[in-house]
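Peer 1: Following this message is one structure expressed as structure tokens.
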Amino acid sequence: MKIVNGFDLMDYAVKHNYLLPSFNTTNLEMTYAIAKGLNAVNLPGYIQISSNNLRLSSPEAIVALTKDALKDSDVPISLHLDHGKSYEDVKRCVDAGFTSVMIDASHLPYEENIAATKKAVDYCHFYGVPVEAELGALKGKEEDIVNEADCKTDPKLVADFIERTGCDLLAVSIGNVHGLDMEPKIDIPLLKELSAVCKVPLVMHGGSGVPFEIIRETKNYGMLKINYGSDLRKAFITTFGKAYVQNNNAASVIELSLESVENVSQTAQSITKIINQQ
Ligand SMILES: [Zn+2]
């Protein structure tokens with residue numbers, strides 16, 4: 001299949017009552033592994049890469065890899081920019097062929113977040129590409145912010161934010177965290193409040209480490225996209241780390257790379273299957 005447009009992927013998931021996992025890639029191996037994993041369980045999802053990870057390869061290179069990874073794919077998969085850090089990054093990715101985008105301006109003051117998000121939305125919508133925005137901030141790698149209450153998404157701001165930005169997906173901070181170093185505590189009552197006032201689908205970052213029954217429960221309250229980065233990175237790095245420990249003269253990059261694709265793919269498969277268990 002071709003890389004599927006983000007709006008079409010969202011419609012497909014809503015129609016079939018699926019949660020969409022969004023898996024972070026960095027390189028060729030992880031891109032192939034995610035496509036392989038989603039196809040093995042016959043479920044849709046996203047391949048995503050953050051601005052930070054685009055320091056290694058260009059958006060064009062990731063688009064080319066994704067197209068190649070999807071040539072035998074039978075399930076809808078979109079290519080998403082995760083934590084787009086600037087308007088320029090958003091443009092580069094859309095121009096290269098990404099089919100879904102996040103602009104992350106949540107660290108800015110509220111009005112500046114709105115202005116930056118709106119600017120990205122205007123560009124992306126011209127090309128029919130949906131935009132994910134973030135309101136609130138996550139603990140963990142993303143930032144170094146104050147106390148937990150100040151980080152969480154404020155339900156009173158949601159309707160105004162969506163109305164004025166025109167964003168198509170909203171990433172919320174409800175006790176989820178980035179990385180595996182802190183324990184997430186998902187605030188379901190807050191999620192219920194948010195979903196009551198939010199007319200676009202919700203996104204949870206930091207899916208790794210959140211119990212699967214809670215992930216499945218969030219679907220009842222507007223959740224559509226769940227980001228998974230750490231679990232896949234761990235599967236990738238562990239492959240090479242183990243090999244080095246066993247033999248510090250290990251020399252077969254090709255065998256280890258193939259093994260890493262298999263391990264990352266298995267991780268993606270099990271997550272995708274479990275979050276979509278009825
Ligand atoms: Zn994130």
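Residue numbers start at 1 in each chain; chains themselves are named A, B, ... in the order of the structure tokens; ligands are numbered from 1 in the order shown.
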Write down as JSON, numbers by chain the residues of range 34-269 of chain A whose backbone DSSP state falls under strand (DSSP E or B).

Peer 2: {"A": [45, 46, 47, 48, 49, 50, 77, 78, 79, 80, 81, 82, 83, 84, 100, 101, 102, 103, 131, 132, 133, 134, 135, 139, 169, 170, 171, 172, 177, 202, 203, 204, 223, 224, 225, 226, 227, 228]}

Peer 1: So that I can check the surroundings of range 61-75 of chain A, please list as JSON, numbers by chain every protein, DNA and RNA residue that reaches within 10 Å of it, counting only C-alpha atoms and ignoring chain neighbours fewer than 5 positions away.

Peer 2: {"A": [1, 2, 3, 4, 9, 25, 26, 27, 28, 29, 31, 32, 33, 34, 35, 36, 38, 39, 40, 41, 42, 43, 44, 45, 47, 48, 49, 54, 56, 93, 96, 97, 98, 99]}

Peer 1: Kindly export the residues of the current selection with C-alpha atoms, as a compact mmCIF listing (two decimals), in the first residue's frame.

Peer 2:
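The resulting result.txt:
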```
# COMPACT_ATOMS: atom_id res chain seq x y z
CA MET A 1 0.00 0.00 0.00
CA LYS A 2 0.93 3.64 -0.36
CA ILE A 3 1.49 5.72 2.76
CA VAL A 4 -2.08 6.40 3.89
CA LEU A 9 -6.38 6.44 8.78
CA THR A 25 11.23 5.04 14.41
CA THR A 26 14.76 6.35 14.12
CA ASN A 27 16.29 4.33 11.32
CA LEU A 28 15.81 1.74 8.62
CA GLU A 29 15.56 -1.24 10.96
CA THR A 31 10.85 1.51 10.16
CA TYR A 32 10.80 -1.96 8.58
CA ALA A 33 10.05 -3.57 11.93
CA ILE A 34 7.01 -1.39 12.62
CA ALA A 35 5.52 -2.05 9.17
CA LYS A 36 6.20 -5.77 9.60
CA LEU A 38 1.45 -4.06 12.06
CA ASN A 39 1.05 -6.36 9.07
CA ALA A 40 1.65 -9.48 11.13
CA VAL A 41 -1.35 -8.64 13.31
CA ASN A 42 -3.33 -7.14 10.44
CA LEU A 43 -4.06 -3.88 12.27
CA PRO A 44 -3.58 -0.24 11.27
CA GLY A 45 -1.29 2.32 12.90
CA ILE A 47 5.06 5.03 11.85
CA GLN A 48 6.26 8.26 13.44
CA ILE A 49 9.55 10.07 13.83
CA LEU A 54 15.44 13.56 12.17
CA LEU A 56 20.15 11.35 11.64
CA CYS A 93 8.01 16.78 6.40
CA ALA A 96 8.67 15.28 1.68
CA GLY A 97 5.46 13.20 1.85
CA PHE A 98 4.53 12.76 5.53
CA THR A 99 0.77 12.24 5.81
```

Peer 1: Using only C-alpha atoms, pick whichever of A:Asn113, A:Ser58, A:Ser22, A:Thr239 has the shortest atom-to-atom distance to Ile77 in chain A.

Peer 2: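 Smallest separation from Ile77 in chain A among the options: A:Ser22.
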
Peer 1: Measuring between only C-alpha atoms and all ligand atoms, which one of A:Leu170, A:Met30, A:Ile214, A:Ile275 shows the shortest distance to ligand 1?

Peer 2: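 Closest candidate: A:Leu170.
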
Peer 1: Could you name the residues that touch Met10 in chain A at 9 Å or less, counting only C-alpha atoms, but leaving out those on the same chain fewer than 3 positions away, as a ChimeraX atom specification?

Peer 2: /A:5-7,13-15,20,201,224-225

Peer 1: Output C-alpha atoms for every residue in that selection, as a PDB file, in the first residue's frame.

Peer 2:
```pdb
ATOM      1  CA  ASN A   5      -3.345   9.939   4.487  1.00  0.00           C
ATOM      2  CA  GLY A   6      -3.760  10.710   8.176  1.00  0.00           C
ATOM      3  CA  PHE A   7      -7.428  11.702   7.889  1.00  0.00           C
ATOM      4  CA  ALA A  13      -9.898   3.410  12.900  1.00  0.00           C
ATOM      5  CA  VAL A  14     -13.093   5.089  14.103  1.00  0.00           C
ATOM      6  CA  LYS A  15     -15.178   3.031  11.685  1.00  0.00           C
ATOM      7  CA  LEU A  20      -4.098   3.334  16.678  1.00  0.00           C
ATOM      8  CA  PRO A 201      -9.825  12.620  18.938  1.00  0.00           C
ATOM      9  CA  LEU A 224      -7.615   7.309  19.314  1.00  0.00           C
ATOM     10  CA  LYS A 225      -3.806   7.399  19.049  1.00  0.00           C
TER      11      LYS A 225
END
```

Peer 1: Using only C-alpha atoms and all ligand atoms, find each residue with an atom at most 8 Å away from ligand 1 and format the answer as a PDB file with C-alpha atoms, in the first residue's frame.

Peer 2:
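The resulting part_4.pdb:
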```
ATOM      1  CA  ASP A  82       6.124  13.407  16.208  1.00  0.00           C
ATOM      2  CA  HIS A  83       6.964  16.466  18.329  1.00  0.00           C
ATOM      3  CA  LEU A 138       4.424  15.704  29.992  1.00  0.00           C
ATOM      4  CA  GLU A 142      10.111  16.308  27.053  1.00  0.00           C
ATOM      5  CA  HIS A 178       7.770  10.144  28.517  1.00  0.00           C
ATOM      6  CA  HIS A 205       2.071  10.108  24.526  1.00  0.00           C
ATOM      7  CA  GLY A 206       4.209   7.802  26.641  1.00  0.00           C
ATOM      8  CA  ASN A 227       2.375   6.752  21.152  1.00  0.00           C
TER       9      ASN A 227
END
```

Peer 1: Identify, with DSSP run on backbone atoms, the residues in range 69-197 of chain A assigned to helix (DSSP H, G or I), and express the list as a VMD selection string.

Peer 2: chain A and resid 69 87 to 96 110 to 126 148 to 151 155 to 165 188 to 197

Peer 1: Could you check the closest approach to Pro211 in chain A for each of A:Ser195, A:Asn176, A:Ser257, A:Asn248 and tell me which residue wins, using only C-alpha atoms?

Peer 2: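 Among the listed residues, the smallest separation from Pro211 in chain A belongs to A:Asn176.
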
Peer 1: Counting only C-alpha atoms, what is within 8 Å of Gly166 in chain A, bar same-chain residues fewer than 3 positions away, as number ranges by chain?

Peer 2: A: 118, 121, 162-163

Peer 1: Would you put the residues from that selection into a file with C-alpha atoms, as a JSON list (two decimals), in the first residue's frame?

Peer 2:
```
[["chain", "number", "residue", "atom", "x", "y", "z"],
["A", 118, "LYS", "CA", -2.67, 27.61, 13.80],
["A", 121, "VAL", "CA", -2.63, 23.83, 10.62],
["A", 162, "ILE", "CA", -9.48, 23.53, 19.28],
["A", 163, "GLU", "CA", -11.73, 26.24, 17.92]]
```

Peer 1: Report, in Å with one decimal, the straight-line distance from CA of Glu112 in chain A to CA of Ile226 in chain A.

Peer 2: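 It comes out at 25.7 Å.
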
Peer 1: Separation of CA of Ala251 in chain A and CA of Asn263 in chain A, in Å?

Peer 2: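 So the two atoms, CA of Ala251 in chain A and CA of Asn263 in chain A, lie 18.9 Å apart.
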
Peer 1: Counting only C-alpha atoms, figure out which residue out of A:Glu183, A:Cys198, A:Ser252, A:Asp11 gets nearest to Asp160 in chain A.

Peer 2: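 Checking each of A:Glu183, A:Cys198, A:Ser252, A:Asp11 against Asp160 in chain A, counting only C-alpha atoms, the winner is A:Cys198.
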
Peer 1: I want to know what sits within 7 Å of Thr153 in chain A, based on only C-alpha atoms, with residues of the same chain fewer than 2 positions away left out; could you give that as a list in words?

Peer 2: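 That gives Leu135, Gly136, Cys151, Pro155, Val172, Ser173 and Ile174 of chain A.
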
Peer 1: The selected residues should be written to file as a PDB file, in the first residue's frame (atoms: N, CA and C atoms).

Peer 2:
```pdb
ATOM      1  N   LEU A 135      -1.647  20.240  24.445  1.00  0.00           N
ATOM      2  CA  LEU A 135      -2.045  21.217  25.452  1.00  0.00           C
ATOM      3  C   LEU A 135      -1.726  20.598  26.805  1.00  0.00           C
ATOM      4  N   GLY A 136      -0.904  21.308  27.591  1.00  0.00           N
ATOM      5  CA  GLY A 136      -0.369  20.694  28.804  1.00  0.00           C
ATOM      6  C   GLY A 136       1.012  20.159  28.468  1.00  0.00           C
ATOM      7  N   CYS A 151       1.239  20.585  35.011  1.00  0.00           N
ATOM      8  CA  CYS A 151       1.530  19.966  33.715  1.00  0.00           C
ATOM      9  C   CYS A 151       0.276  19.478  33.024  1.00  0.00           C
ATOM     10  N   PRO A 155      -9.076  21.325  31.277  1.00  0.00           N
ATOM     11  CA  PRO A 155     -10.299  21.161  30.473  1.00  0.00           C
ATOM     12  C   PRO A 155     -10.934  22.493  30.071  1.00  0.00           C
ATOM     13  N   VAL A 172      -2.924  15.010  25.112  1.00  0.00           N
ATOM     14  CA  VAL A 172      -3.261  15.496  26.442  1.00  0.00           C
ATOM     15  C   VAL A 172      -2.272  14.974  27.483  1.00  0.00           C
ATOM     16  N   SER A 173      -2.166  15.739  28.545  1.00  0.00           N
ATOM     17  CA  SER A 173      -1.328  15.348  29.671  1.00  0.00           C
ATOM     18  C   SER A 173      -2.248  14.985  30.826  1.00  0.00           C
ATOM     19  N   ILE A 174      -2.331  13.687  31.111  1.00  0.00           N
ATOM     20  CA  ILE A 174      -3.272  13.192  32.123  1.00  0.00           C
ATOM     21  C   ILE A 174      -2.562  12.242  33.095  1.00  0.00           C
TER      22      ILE A 174
END
```

Peer 1: If we count only C-alpha atoms and set the cut-off at 12 Å, which residues sit around Arg216 in chain A, ignoring sequence neighbours fewer than 2 positions away in its own chain? Please answer as a PyMOL selection string.

Peer 2: chain A and resi 17-21+188+204+207+210-214+218-226+271-278

Peer 1: So that I have them on file, write out the residues from the current selection with N, CA and C atoms, as a PDB file, in the first residue's frame.

Peer 2:
```pdb
ATOM      1  N   ASN A  17     -13.534   0.786  15.098  1.00  0.00           N
ATOM      2  CA  ASN A  17     -13.370   0.794  16.553  1.00  0.00           C
ATOM      3  C   ASN A  17     -11.974   0.322  16.997  1.00  0.00           C
ATOM      4  N   TYR A  18     -10.943   0.809  16.291  1.00  0.00           N
ATOM      5  CA  TYR A  18      -9.562   0.462  16.644  1.00  0.00           C
ATOM      6  C   TYR A  18      -8.895   1.590  17.423  1.00  0.00           C
ATOM      7  N   LEU A  19      -7.976   1.218  18.288  1.00  0.00           N
ATOM      8  CA  LEU A  19      -7.011   2.181  18.831  1.00  0.00           C
ATOM      9  C   LEU A  19      -5.803   2.137  17.905  1.00  0.00           C
ATOM     10  N   LEU A  20      -5.245   3.292  17.588  1.00  0.00           N
ATOM     11  CA  LEU A  20      -4.098   3.334  16.678  1.00  0.00           C
ATOM     12  C   LEU A  20      -2.793   3.481  17.453  1.00  0.00           C
ATOM     13  N   PRO A  21      -1.946   2.454  17.421  1.00  0.00           N
ATOM     14  CA  PRO A  21      -0.629   2.649  18.004  1.00  0.00           C
ATOM     15  C   PRO A  21       0.206   3.507  17.074  1.00  0.00           C
ATOM     16  N   ILE A 188      -8.054   9.081  35.054  1.00  0.00           N
ATOM     17  CA  ILE A 188      -9.250   8.802  34.227  1.00  0.00           C
ATOM     18  C   ILE A 188     -10.354   9.855  34.438  1.00  0.00           C
ATOM     19  N   MET A 204      -2.501   9.965  23.425  1.00  0.00           N
ATOM     20  CA  MET A 204      -1.696   9.787  24.635  1.00  0.00           C
ATOM     21  C   MET A 204      -0.251   9.492  24.248  1.00  0.00           C
ATOM     22  N   GLY A 207       2.929   5.873  25.902  1.00  0.00           N
ATOM     23  CA  GLY A 207       2.144   4.645  26.109  1.00  0.00           C
ATOM     24  C   GLY A 207       2.937   3.547  26.808  1.00  0.00           C
ATOM     25  N   VAL A 210       2.280   2.229  30.539  1.00  0.00           N
ATOM     26  CA  VAL A 210       0.893   2.360  31.010  1.00  0.00           C
ATOM     27  C   VAL A 210       0.229   0.982  30.902  1.00  0.00           C
ATOM     28  N   PRO A 211      -0.412   0.505  31.989  1.00  0.00           N
ATOM     29  CA  PRO A 211      -1.053  -0.816  31.930  1.00  0.00           C
ATOM     30  C   PRO A 211      -2.055  -0.901  30.773  1.00  0.00           C
ATOM     31  N   PHE A 212      -2.072  -2.074  30.116  1.00  0.00           N
ATOM     32  CA  PHE A 212      -2.895  -2.201  28.916  1.00  0.00           C
ATOM     33  C   PHE A 212      -4.386  -2.046  29.187  1.00  0.00           C
ATOM     34  N   GLU A 213      -4.836  -2.474  30.390  1.00  0.00           N
ATOM     35  CA  GLU A 213      -6.290  -2.330  30.626  1.00  0.00           C
ATOM     36  C   GLU A 213      -6.676  -0.850  30.724  1.00  0.00           C
ATOM     37  N   ILE A 214      -5.738  -0.031  31.195  1.00  0.00           N
ATOM     38  CA  ILE A 214      -6.022   1.412  31.246  1.00  0.00           C
ATOM     39  C   ILE A 214      -6.014   2.005  29.838  1.00  0.00           C
ATOM     40  N   THR A 218      -9.170   3.968  28.019  1.00  0.00           N
ATOM     41  CA  THR A 218      -9.152   5.349  27.506  1.00  0.00           C
ATOM     42  C   THR A 218      -9.916   5.481  26.188  1.00  0.00           C
ATOM     43  N   LYS A 219     -10.034   4.352  25.470  1.00  0.00           N
ATOM     44  CA  LYS A 219     -10.768   4.397  24.193  1.00  0.00           C
ATOM     45  C   LYS A 219     -12.224   4.814  24.409  1.00  0.00           C
ATOM     46  N   ASN A 220     -12.764   4.509  25.581  1.00  0.00           N
ATOM     47  CA  ASN A 220     -14.149   4.903  25.883  1.00  0.00           C
ATOM     48  C   ASN A 220     -14.286   6.417  26.036  1.00  0.00           C
ATOM     49  N   TYR A 221     -13.149   7.102  26.194  1.00  0.00           N
ATOM     50  CA  TYR A 221     -13.196   8.547  26.434  1.00  0.00           C
ATOM     51  C   TYR A 221     -12.402   9.319  25.377  1.00  0.00           C
ATOM     52  N   GLY A 222     -12.626   8.961  24.146  1.00  0.00           N
ATOM     53  CA  GLY A 222     -12.116   9.770  23.044  1.00  0.00           C
ATOM     54  C   GLY A 222     -10.682   9.503  22.610  1.00  0.00           C
ATOM     55  N   MET A 223     -10.013   8.544  23.240  1.00  0.00           N
ATOM     56  CA  MET A 223      -8.619   8.292  22.855  1.00  0.00           C
ATOM     57  C   MET A 223      -8.587   7.543  21.527  1.00  0.00           C
ATOM     58  N   LEU A 224      -7.716   7.978  20.619  1.00  0.00           N
ATOM     59  CA  LEU A 224      -7.615   7.309  19.314  1.00  0.00           C
ATOM     60  C   LEU A 224      -6.186   6.860  19.009  1.00  0.00           C
ATOM     61  N   LYS A 225      -5.207   7.657  19.438  1.00  0.00           N
ATOM     62  CA  LYS A 225      -3.806   7.399  19.049  1.00  0.00           C
ATOM     63  C   LYS A 225      -2.965   7.277  20.323  1.00  0.00           C
ATOM     64  N   ILE A 226      -2.194   6.191  20.387  1.00  0.00           N
ATOM     65  CA  ILE A 226      -1.324   5.975  21.548  1.00  0.00           C
ATOM     66  C   ILE A 226       0.118   5.886  21.068  1.00  0.00           C
ATOM     67  N   ILE A 271       2.079  -5.216  21.321  1.00  0.00           N
ATOM     68  CA  ILE A 271       1.392  -3.999  21.785  1.00  0.00           C
ATOM     69  C   ILE A 271       0.110  -3.763  20.975  1.00  0.00           C
ATOM     70  N   THR A 272       0.229  -3.859  19.655  1.00  0.00           N
ATOM     71  CA  THR A 272      -0.918  -3.561  18.792  1.00  0.00           C
ATOM     72  C   THR A 272      -2.081  -4.511  19.063  1.00  0.00           C
ATOM     73  N   LYS A 273      -1.729  -5.785  19.251  1.00  0.00           N
ATOM     74  CA  LYS A 273      -2.765  -6.785  19.514  1.00  0.00           C
ATOM     75  C   LYS A 273      -3.437  -6.540  20.867  1.00  0.00           C
ATOM     76  N   ILE A 274      -2.624  -6.311  21.868  1.00  0.00           N
ATOM     77  CA  ILE A 274      -3.176  -6.184  23.231  1.00  0.00           C
ATOM     78  C   ILE A 274      -4.052  -4.940  23.374  1.00  0.00           C
ATOM     79  N   ILE A 275      -3.625  -3.815  22.807  1.00  0.00           N
ATOM     80  CA  ILE A 275      -4.441  -2.601  22.997  1.00  0.00           C
ATOM     81  C   ILE A 275      -5.758  -2.683  22.217  1.00  0.00           C
ATOM     82  N   ASN A 276      -5.815  -3.597  21.261  1.00  0.00           N
ATOM     83  CA  ASN A 276      -7.056  -3.748  20.495  1.00  0.00           C
ATOM     84  C   ASN A 276      -7.872  -4.989  20.876  1.00  0.00           C
ATOM     85  N   GLN A 277      -7.467  -5.628  21.972  1.00  0.00           N
ATOM     86  CA  GLN A 277      -8.257  -6.760  22.457  1.00  0.00           C
ATOM     87  C   GLN A 277      -9.624  -6.257  22.913  1.00  0.00           C
ATOM     88  N   GLN A 278     -10.659  -6.975  22.560  1.00  0.00           N
ATOM     89  CA  GLN A 278     -12.003  -6.521  22.966  1.00  0.00           C
ATOM     90  C   GLN A 278     -12.330  -6.987  24.378  1.00  0.00           C
TER      91      GLN A 278
END
```

Peer 1: May I have the residues within 12 Å of Asp95 in chain A as a PyMOL selection string, using only C-alpha atoms and disregarding those fewer than 2 positions away in the same chain?

Peer 2: chain A and resi 58-60+63+81+88-93+97-101+123-124+126-129

Peer 1: Store the residues of this selection in a file with C-alpha atoms, as an mmCIF file, in the first residue's frame.

Peer 2:
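And here's result.cif as it stands now:
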```
data_model
loop_
_atom_site.group_PDB
_atom_site.id
_atom_site.type_symbol
_atom_site.label_atom_id
_atom_site.label_comp_id
_atom_site.auth_asym_id
_atom_site.auth_seq_id
_atom_site.Cartn_x
_atom_site.Cartn_y
_atom_site.Cartn_z
ATOM 1 C CA SER A 58 16.275 13.599 6.300
ATOM 2 C CA PRO A 59 12.470 13.552 6.008
ATOM 3 C CA GLU A 60 12.984 12.455 2.391
ATOM 4 C CA VAL A 63 9.642 8.760 3.381
ATOM 5 C CA LEU A 81 5.921 13.752 12.414
ATOM 6 C CA GLU A 88 10.032 24.691 9.233
ATOM 7 C CA ASP A 89 10.157 21.043 10.333
ATOM 8 C CA VAL A 90 6.441 20.648 9.686
ATOM 9 C CA LYS A 91 6.835 22.077 6.185
ATOM 10 C CA ARG A 92 9.863 19.927 5.379
ATOM 11 C CA CYS A 93 8.014 16.783 6.404
ATOM 12 C CA GLY A 97 5.457 13.196 1.854
ATOM 13 C CA PHE A 98 4.529 12.764 5.530
ATOM 14 C CA THR A 99 0.771 12.244 5.808
ATOM 15 C CA SER A 100 0.195 13.380 9.413
ATOM 16 C CA VAL A 101 1.939 15.935 11.601
ATOM 17 C CA TYR A 123 -0.087 24.901 5.951
ATOM 18 C CA CYS A 124 -0.996 21.258 6.519
ATOM 19 C CA PHE A 126 -3.794 23.105 2.370
ATOM 20 C CA TYR A 127 -2.281 19.690 1.589
ATOM 21 C CA GLY A 128 -4.982 17.652 3.335
ATOM 22 C CA VAL A 129 -2.691 16.633 6.209
#
```
